[in-house]
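> Contents of start-v1.txt (compact mmCIF, N, CA and C atoms) are below:
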```txt
# COMPACT_ATOMS: atom_id res chain seq x y z
N MET A 102 -139.48 73.31 -8.17
CA MET A 102 -138.25 72.66 -7.74
C MET A 102 -137.06 73.39 -8.34
N THR A 103 -136.11 73.74 -7.50
CA THR A 103 -134.90 74.40 -7.99
C THR A 103 -133.73 73.44 -7.89
N THR A 104 -132.80 73.64 -8.78
CA THR A 104 -131.60 72.81 -8.73
C THR A 104 -130.45 73.68 -8.25
N THR A 105 -129.55 73.06 -7.52
CA THR A 105 -128.37 73.76 -7.02
C THR A 105 -127.37 73.90 -8.16
N PRO A 106 -126.95 75.13 -8.47
CA PRO A 106 -125.94 75.28 -9.52
C PRO A 106 -124.60 74.72 -9.05
N THR A 107 -123.84 74.18 -9.99
CA THR A 107 -122.51 73.65 -9.70
C THR A 107 -121.48 74.49 -10.43
N VAL A 108 -120.47 74.95 -9.69
CA VAL A 108 -119.39 75.76 -10.26
C VAL A 108 -118.08 75.01 -10.07
N LEU A 109 -117.32 74.91 -11.14
CA LEU A 109 -116.01 74.26 -11.14
C LEU A 109 -114.94 75.31 -11.40
N PHE A 110 -113.97 75.40 -10.49
CA PHE A 110 -112.82 76.29 -10.67
C PHE A 110 -111.63 75.44 -11.09
N VAL A 111 -110.96 75.84 -12.17
CA VAL A 111 -109.85 75.06 -12.71
C VAL A 111 -108.63 75.95 -12.90
N CYS A 112 -107.49 75.49 -12.36
CA CYS A 112 -106.20 76.11 -12.70
C CYS A 112 -105.20 74.97 -12.90
N VAL A 113 -104.00 75.29 -13.24
CA VAL A 113 -103.04 74.25 -13.59
C VAL A 113 -102.78 73.32 -12.41
N HIS A 114 -102.39 73.88 -11.26
CA HIS A 114 -101.94 73.05 -10.15
C HIS A 114 -103.00 72.78 -9.10
N ASN A 115 -104.14 73.48 -9.13
CA ASN A 115 -105.21 73.33 -8.15
C ASN A 115 -104.65 73.46 -6.73
N ALA A 116 -103.72 74.39 -6.58
CA ALA A 116 -103.05 74.56 -5.29
C ALA A 116 -103.16 75.98 -4.76
N GLY A 117 -103.65 76.91 -5.58
CA GLY A 117 -103.71 78.32 -5.17
C GLY A 117 -105.00 79.00 -5.60
N ARG A 118 -105.00 79.55 -6.82
CA ARG A 118 -106.13 80.35 -7.30
C ARG A 118 -107.46 79.62 -7.23
N SER A 119 -107.52 78.43 -7.81
CA SER A 119 -108.79 77.71 -7.85
C SER A 119 -109.25 77.30 -6.46
N GLN A 120 -108.30 76.98 -5.58
CA GLN A 120 -108.65 76.62 -4.20
C GLN A 120 -109.15 77.83 -3.42
N MET A 121 -108.55 78.99 -3.65
CA MET A 121 -109.02 80.21 -2.98
C MET A 121 -110.43 80.55 -3.47
N ALA A 122 -110.65 80.47 -4.79
CA ALA A 122 -111.97 80.77 -5.34
C ALA A 122 -113.02 79.81 -4.78
N ALA A 123 -112.68 78.53 -4.74
CA ALA A 123 -113.62 77.54 -4.21
C ALA A 123 -113.91 77.82 -2.73
N GLY A 124 -112.89 78.19 -1.98
CA GLY A 124 -113.07 78.52 -0.57
C GLY A 124 -114.02 79.69 -0.38
N PHE A 125 -113.83 80.75 -1.17
CA PHE A 125 -114.73 81.90 -1.08
C PHE A 125 -116.15 81.51 -1.45
N LEU A 126 -116.33 80.77 -2.55
CA LEU A 126 -117.69 80.45 -2.99
C LEU A 126 -118.39 79.54 -1.98
N ARG A 127 -117.68 78.58 -1.43
CA ARG A 127 -118.29 77.73 -0.39
C ARG A 127 -118.77 78.57 0.79
N GLU A 128 -117.91 79.46 1.25
CA GLU A 128 -118.21 80.29 2.41
C GLU A 128 -119.35 81.27 2.12
N LEU A 129 -119.26 81.95 1.00
CA LEU A 129 -120.23 83.00 0.69
C LEU A 129 -121.60 82.46 0.29
N SER A 130 -121.62 81.29 -0.31
CA SER A 130 -122.91 80.75 -0.81
C SER A 130 -123.71 80.06 0.27
N GLY A 131 -123.07 79.71 1.37
CA GLY A 131 -123.79 79.04 2.44
C GLY A 131 -124.46 77.75 2.00
N GLY A 132 -123.88 77.08 1.02
CA GLY A 132 -124.43 75.81 0.55
C GLY A 132 -125.40 75.93 -0.61
N SER A 133 -125.66 77.15 -1.08
CA SER A 133 -126.60 77.32 -2.19
C SER A 133 -125.98 76.99 -3.54
N VAL A 134 -124.66 76.77 -3.57
CA VAL A 134 -123.95 76.42 -4.79
C VAL A 134 -123.06 75.23 -4.47
N GLU A 135 -123.06 74.23 -5.36
CA GLU A 135 -122.10 73.13 -5.22
C GLU A 135 -120.79 73.61 -5.83
N VAL A 136 -119.70 73.42 -5.11
CA VAL A 136 -118.41 73.97 -5.51
C VAL A 136 -117.41 72.84 -5.74
N LEU A 137 -116.77 72.87 -6.91
CA LEU A 137 -115.72 71.91 -7.25
C LEU A 137 -114.47 72.68 -7.66
N SER A 138 -113.31 72.06 -7.49
CA SER A 138 -112.08 72.64 -8.03
C SER A 138 -111.18 71.51 -8.48
N ALA A 139 -110.36 71.81 -9.47
CA ALA A 139 -109.48 70.79 -10.03
C ALA A 139 -108.34 71.47 -10.78
N GLY A 140 -107.34 70.66 -11.14
CA GLY A 140 -106.20 71.19 -11.89
C GLY A 140 -105.82 70.27 -13.03
N SER A 141 -105.29 70.86 -14.09
CA SER A 141 -104.85 70.06 -15.23
C SER A 141 -103.58 69.28 -14.89
N GLU A 142 -102.76 69.83 -13.98
CA GLU A 142 -101.55 69.16 -13.50
C GLU A 142 -101.44 69.41 -12.00
N PRO A 143 -102.30 68.77 -11.19
CA PRO A 143 -102.36 69.10 -9.77
C PRO A 143 -101.06 68.81 -9.02
N LYS A 144 -100.78 69.69 -8.06
CA LYS A 144 -99.63 69.50 -7.15
C LYS A 144 -100.02 68.48 -6.08
N ASP A 145 -99.06 68.14 -5.24
CA ASP A 145 -99.32 67.21 -4.14
C ASP A 145 -100.02 67.88 -2.96
N SER A 146 -99.84 69.20 -2.81
CA SER A 146 -100.43 69.90 -1.68
C SER A 146 -100.72 71.36 -2.07
N LEU A 147 -101.49 72.03 -1.22
CA LEU A 147 -101.83 73.42 -1.47
C LEU A 147 -100.63 74.33 -1.23
N ASN A 148 -100.67 75.47 -1.88
CA ASN A 148 -99.68 76.52 -1.69
C ASN A 148 -99.88 77.07 -0.27
N PRO A 149 -98.87 76.94 0.62
CA PRO A 149 -99.05 77.39 2.00
C PRO A 149 -99.33 78.88 2.13
N VAL A 150 -98.85 79.68 1.18
CA VAL A 150 -99.11 81.12 1.24
C VAL A 150 -100.57 81.40 0.87
N ALA A 151 -101.14 80.64 -0.05
CA ALA A 151 -102.57 80.77 -0.37
C ALA A 151 -103.41 80.38 0.84
N VAL A 152 -103.01 79.32 1.54
CA VAL A 152 -103.71 78.90 2.75
C VAL A 152 -103.65 80.02 3.79
N GLN A 153 -102.47 80.61 3.97
CA GLN A 153 -102.29 81.71 4.93
C GLN A 153 -103.15 82.91 4.56
N ALA A 154 -103.15 83.27 3.28
CA ALA A 154 -103.94 84.43 2.82
C ALA A 154 -105.42 84.23 3.09
N MET A 155 -105.91 83.02 2.88
CA MET A 155 -107.33 82.74 3.13
C MET A 155 -107.62 82.74 4.62
N ALA A 156 -106.71 82.21 5.43
CA ALA A 156 -106.89 82.21 6.89
C ALA A 156 -107.01 83.63 7.42
N GLU A 157 -106.30 84.57 6.79
CA GLU A 157 -106.37 85.97 7.21
C GLU A 157 -107.77 86.55 7.09
N VAL A 158 -108.59 85.99 6.19
CA VAL A 158 -109.97 86.47 6.03
C VAL A 158 -110.97 85.47 6.61
N GLY A 159 -110.47 84.56 7.42
CA GLY A 159 -111.36 83.66 8.16
C GLY A 159 -111.85 82.45 7.40
N ILE A 160 -111.18 82.07 6.31
CA ILE A 160 -111.59 80.89 5.53
C ILE A 160 -110.46 79.87 5.57
N ASP A 161 -110.78 78.68 6.06
CA ASP A 161 -109.80 77.62 6.21
C ASP A 161 -109.86 76.67 5.01
N ILE A 162 -108.81 76.69 4.20
CA ILE A 162 -108.73 75.76 3.07
C ILE A 162 -107.60 74.75 3.28
N ALA A 163 -107.01 74.76 4.47
CA ALA A 163 -105.83 73.94 4.75
C ALA A 163 -106.08 72.44 4.54
N GLY A 164 -107.29 71.98 4.77
CA GLY A 164 -107.58 70.55 4.64
C GLY A 164 -107.88 70.10 3.22
N ASN A 165 -107.89 71.02 2.28
CA ASN A 165 -108.20 70.66 0.89
C ASN A 165 -107.00 69.98 0.23
N THR A 166 -107.29 69.19 -0.79
CA THR A 166 -106.25 68.49 -1.53
C THR A 166 -106.42 68.78 -3.02
N PRO A 167 -105.34 69.11 -3.73
CA PRO A 167 -105.45 69.30 -5.17
C PRO A 167 -106.00 68.04 -5.85
N LYS A 168 -106.89 68.25 -6.82
CA LYS A 168 -107.53 67.15 -7.53
C LYS A 168 -107.28 67.30 -9.03
N VAL A 169 -107.24 66.18 -9.71
CA VAL A 169 -107.04 66.20 -11.16
C VAL A 169 -108.36 66.54 -11.85
N LEU A 170 -108.25 67.33 -12.89
CA LEU A 170 -109.41 67.70 -13.70
C LEU A 170 -109.91 66.49 -14.47
N THR A 171 -111.21 66.21 -14.35
CA THR A 171 -111.81 65.11 -15.08
C THR A 171 -112.90 65.63 -16.01
N THR A 172 -113.15 64.88 -17.05
CA THR A 172 -114.23 65.22 -17.96
C THR A 172 -115.56 65.22 -17.21
N GLU A 173 -115.72 64.30 -16.26
CA GLU A 173 -116.96 64.20 -15.49
C GLU A 173 -117.21 65.47 -14.69
N ALA A 174 -116.16 66.04 -14.09
CA ALA A 174 -116.32 67.26 -13.30
C ALA A 174 -116.84 68.39 -14.17
N VAL A 175 -116.30 68.49 -15.39
CA VAL A 175 -116.76 69.54 -16.31
C VAL A 175 -118.20 69.26 -16.73
N LYS A 176 -118.48 68.01 -17.06
CA LYS A 176 -119.82 67.61 -17.50
C LYS A 176 -120.86 67.89 -16.41
N ASP A 177 -120.49 67.69 -15.15
CA ASP A 177 -121.41 67.87 -14.02
C ASP A 177 -121.59 69.32 -13.60
N SER A 178 -120.84 70.23 -14.18
CA SER A 178 -120.86 71.63 -13.75
C SER A 178 -121.71 72.49 -14.68
N ASP A 179 -122.33 73.50 -14.07
CA ASP A 179 -123.10 74.48 -14.85
C ASP A 179 -122.20 75.62 -15.31
N VAL A 180 -121.22 75.97 -14.45
CA VAL A 180 -120.30 77.05 -14.73
C VAL A 180 -118.88 76.52 -14.54
N VAL A 181 -118.01 76.80 -15.51
CA VAL A 181 -116.60 76.39 -15.43
C VAL A 181 -115.76 77.65 -15.51
N ILE A 182 -115.01 77.91 -14.44
CA ILE A 182 -114.12 79.08 -14.39
C ILE A 182 -112.69 78.57 -14.50
N THR A 183 -112.02 78.97 -15.57
CA THR A 183 -110.63 78.57 -15.75
C THR A 183 -109.72 79.73 -15.35
N MET A 184 -108.55 79.36 -14.89
CA MET A 184 -107.56 80.35 -14.43
C MET A 184 -106.20 79.95 -14.96
N GLY A 185 -106.03 80.04 -16.25
CA GLY A 185 -104.74 79.76 -16.83
C GLY A 185 -104.49 78.32 -17.21
N CYS A 186 -105.56 77.50 -17.33
CA CYS A 186 -105.31 76.10 -17.72
C CYS A 186 -105.31 75.94 -19.23
N GLY A 187 -105.56 77.03 -19.94
CA GLY A 187 -105.48 76.99 -21.40
C GLY A 187 -106.49 76.05 -22.03
N ASP A 188 -106.05 75.32 -23.02
CA ASP A 188 -106.94 74.46 -23.79
C ASP A 188 -107.12 73.07 -23.18
N THR A 189 -106.60 72.84 -21.97
CA THR A 189 -106.71 71.50 -21.39
C THR A 189 -108.09 71.23 -20.82
N CYS A 190 -108.93 72.24 -20.73
CA CYS A 190 -110.26 72.07 -20.16
C CYS A 190 -111.23 71.64 -21.26
N PRO A 191 -111.88 70.49 -21.10
CA PRO A 191 -112.84 70.05 -22.12
C PRO A 191 -114.03 71.00 -22.21
N ILE A 192 -114.56 71.15 -23.40
CA ILE A 192 -115.68 72.06 -23.64
C ILE A 192 -116.92 71.23 -23.97
N PHE A 193 -118.01 71.53 -23.27
CA PHE A 193 -119.29 70.87 -23.53
C PHE A 193 -120.34 71.94 -23.83
N PRO A 194 -121.23 71.67 -24.78
CA PRO A 194 -122.29 72.63 -25.09
C PRO A 194 -123.20 72.86 -23.88
N GLY A 195 -123.72 74.07 -23.78
CA GLY A 195 -124.69 74.37 -22.73
C GLY A 195 -124.08 74.77 -21.41
N LYS A 196 -122.77 74.83 -21.32
CA LYS A 196 -122.09 75.23 -20.09
C LYS A 196 -121.67 76.69 -20.21
N ARG A 197 -121.59 77.34 -19.09
CA ARG A 197 -121.05 78.70 -19.07
C ARG A 197 -119.57 78.60 -18.74
N TYR A 198 -118.74 79.18 -19.59
CA TYR A 198 -117.29 79.17 -19.39
C TYR A 198 -116.79 80.61 -19.22
N GLU A 199 -115.90 80.79 -18.27
CA GLU A 199 -115.22 82.08 -18.11
C GLU A 199 -113.76 81.79 -17.85
N ASP A 200 -112.90 82.65 -18.36
CA ASP A 200 -111.48 82.54 -18.05
C ASP A 200 -111.09 83.78 -17.25
N TRP A 201 -110.67 83.55 -16.02
CA TRP A 201 -110.23 84.65 -15.16
C TRP A 201 -108.72 84.75 -15.24
N GLU A 202 -108.23 85.85 -15.81
CA GLU A 202 -106.79 86.06 -15.87
C GLU A 202 -106.33 86.60 -14.53
N LEU A 203 -105.65 85.74 -13.79
CA LEU A 203 -105.16 86.08 -12.46
C LEU A 203 -103.71 85.67 -12.34
N THR A 204 -102.93 86.45 -11.64
CA THR A 204 -101.54 86.11 -11.39
C THR A 204 -101.47 84.82 -10.58
N ASP A 205 -100.57 83.94 -10.96
CA ASP A 205 -100.37 82.70 -10.19
C ASP A 205 -99.64 83.04 -8.90
N PRO A 206 -100.22 82.66 -7.74
CA PRO A 206 -99.57 82.98 -6.47
C PRO A 206 -98.37 82.10 -6.14
N ALA A 207 -98.10 81.08 -6.94
CA ALA A 207 -97.00 80.15 -6.65
C ALA A 207 -95.68 80.90 -6.51
N GLY A 208 -94.99 80.66 -5.41
CA GLY A 208 -93.67 81.24 -5.19
C GLY A 208 -93.68 82.71 -4.80
N ARG A 209 -94.84 83.29 -4.60
CA ARG A 209 -94.92 84.71 -4.26
C ARG A 209 -95.09 84.89 -2.74
N PRO A 210 -94.57 85.99 -2.22
CA PRO A 210 -94.74 86.27 -0.78
C PRO A 210 -96.18 86.69 -0.48
N ILE A 211 -96.55 86.62 0.77
CA ILE A 211 -97.93 86.94 1.20
C ILE A 211 -98.35 88.33 0.75
N GLU A 212 -97.43 89.28 0.73
CA GLU A 212 -97.78 90.65 0.32
C GLU A 212 -98.26 90.71 -1.12
N GLU A 213 -97.79 89.78 -1.96
CA GLU A 213 -98.23 89.73 -3.36
C GLU A 213 -99.45 88.83 -3.54
N VAL A 214 -99.68 87.93 -2.61
CA VAL A 214 -100.81 87.01 -2.71
C VAL A 214 -102.11 87.68 -2.23
N ARG A 215 -102.01 88.57 -1.27
CA ARG A 215 -103.21 89.24 -0.75
C ARG A 215 -104.02 89.93 -1.85
N PRO A 216 -103.40 90.72 -2.74
CA PRO A 216 -104.20 91.36 -3.79
C PRO A 216 -104.83 90.34 -4.75
N ILE A 217 -104.15 89.21 -4.99
CA ILE A 217 -104.72 88.15 -5.83
C ILE A 217 -105.95 87.59 -5.13
N ARG A 218 -105.81 87.30 -3.83
CA ARG A 218 -106.94 86.80 -3.03
C ARG A 218 -108.12 87.77 -3.09
N ASP A 219 -107.83 89.06 -2.93
CA ASP A 219 -108.90 90.06 -2.90
C ASP A 219 -109.61 90.16 -4.25
N GLU A 220 -108.85 90.03 -5.34
CA GLU A 220 -109.46 90.05 -6.67
C GLU A 220 -110.31 88.81 -6.88
N ILE A 221 -109.84 87.66 -6.40
CA ILE A 221 -110.63 86.43 -6.50
C ILE A 221 -111.94 86.60 -5.73
N GLU A 222 -111.88 87.17 -4.53
CA GLU A 222 -113.10 87.38 -3.75
C GLU A 222 -114.07 88.28 -4.50
N ARG A 223 -113.58 89.36 -5.09
CA ARG A 223 -114.45 90.27 -5.85
C ARG A 223 -115.16 89.53 -6.99
N ARG A 224 -114.40 88.72 -7.71
CA ARG A 224 -114.98 87.99 -8.84
C ARG A 224 -115.96 86.92 -8.37
N VAL A 225 -115.64 86.25 -7.27
CA VAL A 225 -116.54 85.22 -6.74
C VAL A 225 -117.85 85.86 -6.29
N ARG A 226 -117.79 87.01 -5.64
CA ARG A 226 -119.02 87.70 -5.22
C ARG A 226 -119.89 88.04 -6.43
N GLN A 227 -119.26 88.51 -7.50
CA GLN A 227 -120.00 88.83 -8.73
C GLN A 227 -120.62 87.56 -9.31
N LEU A 228 -119.85 86.49 -9.37
CA LEU A 228 -120.35 85.22 -9.89
C LEU A 228 -121.53 84.72 -9.07
N LEU A 229 -121.40 84.78 -7.75
CA LEU A 229 -122.48 84.32 -6.88
C LEU A 229 -123.75 85.12 -7.11
N ALA A 230 -123.61 86.42 -7.29
CA ALA A 230 -124.78 87.26 -7.55
C ALA A 230 -125.47 86.85 -8.85
N GLU A 231 -124.73 86.30 -9.79
CA GLU A 231 -125.29 85.88 -11.07
C GLU A 231 -125.90 84.48 -11.03
N VAL A 232 -125.24 83.54 -10.34
CA VAL A 232 -125.72 82.15 -10.36
C VAL A 232 -126.70 81.83 -9.24
N ALA A 233 -126.65 82.59 -8.15
CA ALA A 233 -127.56 82.35 -7.02
C ALA A 233 -127.89 83.69 -6.37
N PRO A 234 -128.65 84.54 -7.05
CA PRO A 234 -128.94 85.88 -6.52
C PRO A 234 -129.54 85.81 -5.12
N GLY A 235 -129.07 86.70 -4.26
CA GLY A 235 -129.60 86.79 -2.90
C GLY A 235 -129.12 85.69 -1.96
N GLU A 236 -128.07 84.97 -2.34
CA GLU A 236 -127.65 83.81 -1.54
C GLU A 236 -126.36 84.00 -0.77
N VAL A 237 -125.89 85.23 -0.59
CA VAL A 237 -124.67 85.40 0.20
C VAL A 237 -124.99 85.07 1.64
N ALA A 238 -124.19 84.21 2.24
CA ALA A 238 -124.43 83.75 3.61
C ALA A 238 -124.29 84.89 4.59
N PRO A 239 -125.19 84.95 5.59
CA PRO A 239 -125.05 85.99 6.62
C PRO A 239 -123.74 85.78 7.37
N GLY A 240 -123.09 86.89 7.69
CA GLY A 240 -121.84 86.80 8.42
C GLY A 240 -120.66 86.40 7.55
N ALA A 241 -120.89 86.24 6.25
CA ALA A 241 -119.79 85.87 5.35
C ALA A 241 -118.81 87.04 5.26
N PRO A 242 -117.56 86.74 5.00
CA PRO A 242 -116.56 87.82 4.91
C PRO A 242 -116.95 88.84 3.86
N ALA A 243 -116.68 90.09 4.16
CA ALA A 243 -117.03 91.16 3.21
C ALA A 243 -115.80 91.68 2.53
```
Would you kindly transcribe this structure into structure tokens?

Amino acid sequence: MTTTPTVLFVCVHNAGRSQMAAGFLRELSGGSVEVLSAGSEPKDSLNPVAVQAMAEVGIDIAGNTPKVLTTEAVKDSDVVITMGCGDTCPIFPGKRYEDWELTDPAGRPIEEVRPIRDEIERRVRQLLAEVAPGEVAPGAPA
């Protein structure tokens, strides 16, 4: 019996970086990974430029809503990827933690968000290869 790994992406506003990462992992894993995202200080809505950047690569995150980071979400996750939330993320033993230093796309034009999106995709692909080897969905964006 195998268990589905759970990955939590956390950034401050849960409106850009963490939502893009979650979108890529959902798409690329084809359901082999449970994907969560949250923010330490979530905004009311997603960054429209992040939504646009993801739509350009065929991933629709427009219907997502920023969520507040909870202790339960961290506790339920096998891997926690932080993106600038600092020390606000609770730490539990036995979890894998990574901090991805990525530029915040907030307030940036699409030309500056595309390279951020592409770096997030690269890191998500690497993460997927580690947590669910051989599970990239057929037809997933390359």
> Rank nothing, just name the residue among A:Leu129, A:Val180, A:Ile217, A:Ala233 nearest to A:Gly195, using only C-alpha atoms.
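Of the candidates, the smallest distance to A:Gly195 is held by A:Val180.
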> Here is a test: counting all atoms listed in the file, which residue of A:Lys168, A:Ala123, A:Glu128, A:Glu157 is nearest to A:Glu142?
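So, comparing all the options, the nearest one is A:Lys168.
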> When DSSP is applied to the backbone of this structure, which of chain A are assigned helix (DSSP H, G or I)? Write them out as a ChimeraX atom specification.
/A:118-130,149-156,172-176,187-189,211-232
> Would you please work out which residue, of A:Thr105, A:Thr171, A:Met155, A:Leu229, is nearest to A:Met121 when using only N, CA and C atoms?
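Using only N, CA and C atoms, the shortest distance to A:Met121 belongs to A:Met155.
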> Could you pull the residues within 9 Å of A:Ser138, counting only C-alpha atoms, minus those fewer than 2 positions along the same chain, as a ChimeraX atom specification?
/A:108-112,115,119-120,122-123,136,140,167-170,174
> Choose the residue, out of A:Gly132, A:Asp161, A:Ser141, A:Gly124, that has the smallest atom-to-atom separation from A:Pro106; count only C-alpha atoms.
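Looking at the shortest contact to A:Pro106, the residue is A:Gly132.
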> Leaving out A:Thr107 and any residue of its chain fewer than 5 positions from it, which residues lie within 10 Å of it when counting only C-alpha atoms, given as a PDB file with N, CA and C atoms, in the frame of the given file?

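File result.pdb, as written:
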```
ATOM      1  N   SER A 133    -125.660  77.150  -1.080  1.00  0.00           N
ATOM      2  CA  SER A 133    -126.600  77.320  -2.190  1.00  0.00           C
ATOM      3  C   SER A 133    -125.980  76.990  -3.540  1.00  0.00           C
ATOM      4  N   VAL A 134    -124.660  76.770  -3.570  1.00  0.00           N
ATOM      5  CA  VAL A 134    -123.950  76.420  -4.790  1.00  0.00           C
ATOM      6  C   VAL A 134    -123.060  75.230  -4.470  1.00  0.00           C
ATOM      7  N   GLU A 135    -123.060  74.230  -5.360  1.00  0.00           N
ATOM      8  CA  GLU A 135    -122.100  73.130  -5.220  1.00  0.00           C
ATOM      9  C   GLU A 135    -120.790  73.610  -5.830  1.00  0.00           C
ATOM     10  N   VAL A 136    -119.700  73.420  -5.110  1.00  0.00           N
ATOM     11  CA  VAL A 136    -118.410  73.970  -5.510  1.00  0.00           C
ATOM     12  C   VAL A 136    -117.410  72.840  -5.740  1.00  0.00           C
ATOM     13  N   LEU A 137    -116.770  72.870  -6.910  1.00  0.00           N
ATOM     14  CA  LEU A 137    -115.720  71.910  -7.250  1.00  0.00           C
ATOM     15  C   LEU A 137    -114.470  72.680  -7.660  1.00  0.00           C
ATOM     16  N   ALA A 174    -116.160  66.040 -14.090  1.00  0.00           N
ATOM     17  CA  ALA A 174    -116.320  67.260 -13.300  1.00  0.00           C
ATOM     18  C   ALA A 174    -116.840  68.390 -14.170  1.00  0.00           C
ATOM     19  N   VAL A 175    -116.300  68.490 -15.390  1.00  0.00           N
ATOM     20  CA  VAL A 175    -116.760  69.540 -16.310  1.00  0.00           C
ATOM     21  C   VAL A 175    -118.200  69.260 -16.730  1.00  0.00           C
ATOM     22  N   ASP A 177    -120.490  67.690 -15.150  1.00  0.00           N
ATOM     23  CA  ASP A 177    -121.410  67.870 -14.020  1.00  0.00           C
ATOM     24  C   ASP A 177    -121.590  69.320 -13.600  1.00  0.00           C
ATOM     25  N   SER A 178    -120.840  70.230 -14.180  1.00  0.00           N
ATOM     26  CA  SER A 178    -120.860  71.630 -13.750  1.00  0.00           C
ATOM     27  C   SER A 178    -121.710  72.490 -14.680  1.00  0.00           C
ATOM     28  N   ASP A 179    -122.330  73.500 -14.070  1.00  0.00           N
ATOM     29  CA  ASP A 179    -123.100  74.480 -14.850  1.00  0.00           C
ATOM     30  C   ASP A 179    -122.200  75.620 -15.310  1.00  0.00           C
ATOM     31  N   VAL A 180    -121.220  75.970 -14.450  1.00  0.00           N
ATOM     32  CA  VAL A 180    -120.300  77.050 -14.730  1.00  0.00           C
ATOM     33  C   VAL A 180    -118.880  76.520 -14.540  1.00  0.00           C
ATOM     34  N   VAL A 181    -118.010  76.800 -15.510  1.00  0.00           N
ATOM     35  CA  VAL A 181    -116.600  76.390 -15.430  1.00  0.00           C
ATOM     36  C   VAL A 181    -115.760  77.650 -15.510  1.00  0.00           C
ATOM     37  N   VAL A 232    -125.240  83.540 -10.340  1.00  0.00           N
ATOM     38  CA  VAL A 232    -125.720  82.150 -10.360  1.00  0.00           C
ATOM     39  C   VAL A 232    -126.700  81.830  -9.240  1.00  0.00           C
TER      40      VAL A 232
END
```
> Edge lengths and centre in Å to one decimal, as JSON, is what I'm after for the box along x, y and z that holds all listed atoms of stretch 200-211 of chain A once 4 Å is added on each side.

```
{"center_x": -103.3, "center_y": 84.2, "center_z": -8.6, "size_x": 27.2, "size_y": 16.2, "size_z": 27.6}
```
> Counting only N, CA and C atoms, figure out which residue out of A:Gln153, A:Thr166, A:Thr204, A:Gln227 gets nearest to A:Ala139.
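Closest candidate: A:Thr166.
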> Complete the atoms of stretch 232-236 of chain A to all heavy atoms and put them out as a PDB file, in the frame of the given file.

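Result file follows (out-v4.pdb):
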```pdb
ATOM      1  N   VAL A 232    -125.240  83.540 -10.340  1.00  0.00           N
ATOM      2  CA  VAL A 232    -125.720  82.150 -10.360  1.00  0.00           C
ATOM      3  C   VAL A 232    -126.700  81.830  -9.240  1.00  0.00           C
ATOM      4  O   VAL A 232    -127.478  80.885  -9.356  1.00  0.00           O
ATOM      5  CB  VAL A 232    -124.565  81.113 -10.360  1.00  0.00           C
ATOM      6  CG1 VAL A 232    -123.680  81.298 -11.583  1.00  0.00           C
ATOM      7  CG2 VAL A 232    -123.766  81.130  -9.088  1.00  0.00           C
ATOM      8  N   ALA A 233    -126.650  82.590  -8.150  1.00  0.00           N
ATOM      9  CA  ALA A 233    -127.560  82.350  -7.020  1.00  0.00           C
ATOM     10  C   ALA A 233    -127.890  83.690  -6.370  1.00  0.00           C
ATOM     11  O   ALA A 233    -127.444  83.971  -5.264  1.00  0.00           O
ATOM     12  CB  ALA A 233    -126.932  81.379  -6.022  1.00  0.00           C
ATOM     13  N   PRO A 234    -128.650  84.540  -7.050  1.00  0.00           N
ATOM     14  CA  PRO A 234    -128.940  85.880  -6.520  1.00  0.00           C
ATOM     15  C   PRO A 234    -129.540  85.810  -5.120  1.00  0.00           C
ATOM     16  O   PRO A 234    -130.375  84.975  -4.825  1.00  0.00           O
ATOM     17  CB  PRO A 234    -129.958  86.449  -7.514  1.00  0.00           C
ATOM     18  CG  PRO A 234    -129.799  85.633  -8.759  1.00  0.00           C
ATOM     19  CD  PRO A 234    -129.321  84.282  -8.308  1.00  0.00           C
ATOM     20  N   GLY A 235    -129.070  86.700  -4.260  1.00  0.00           N
ATOM     21  CA  GLY A 235    -129.600  86.790  -2.900  1.00  0.00           C
ATOM     22  C   GLY A 235    -129.120  85.690  -1.960  1.00  0.00           C
ATOM     23  O   GLY A 235    -129.676  85.498  -0.894  1.00  0.00           O
ATOM     24  N   GLU A 236    -128.070  84.970  -2.340  1.00  0.00           N
ATOM     25  CA  GLU A 236    -127.650  83.810  -1.540  1.00  0.00           C
ATOM     26  C   GLU A 236    -126.360  84.000  -0.770  1.00  0.00           C
ATOM     27  O   GLU A 236    -125.790  83.037  -0.322  1.00  0.00           O
ATOM     28  CB  GLU A 236    -127.505  82.568  -2.452  1.00  0.00           C
ATOM     29  CG  GLU A 236    -128.807  82.082  -3.012  1.00  0.00           C
ATOM     30  CD  GLU A 236    -129.777  81.574  -1.956  1.00  0.00           C
ATOM     31  OE1 GLU A 236    -129.345  81.149  -0.869  1.00  0.00           O
ATOM     32  OE2 GLU A 236    -130.994  81.615  -2.201  1.00  0.00           O
TER      33      GLU A 236
END
```
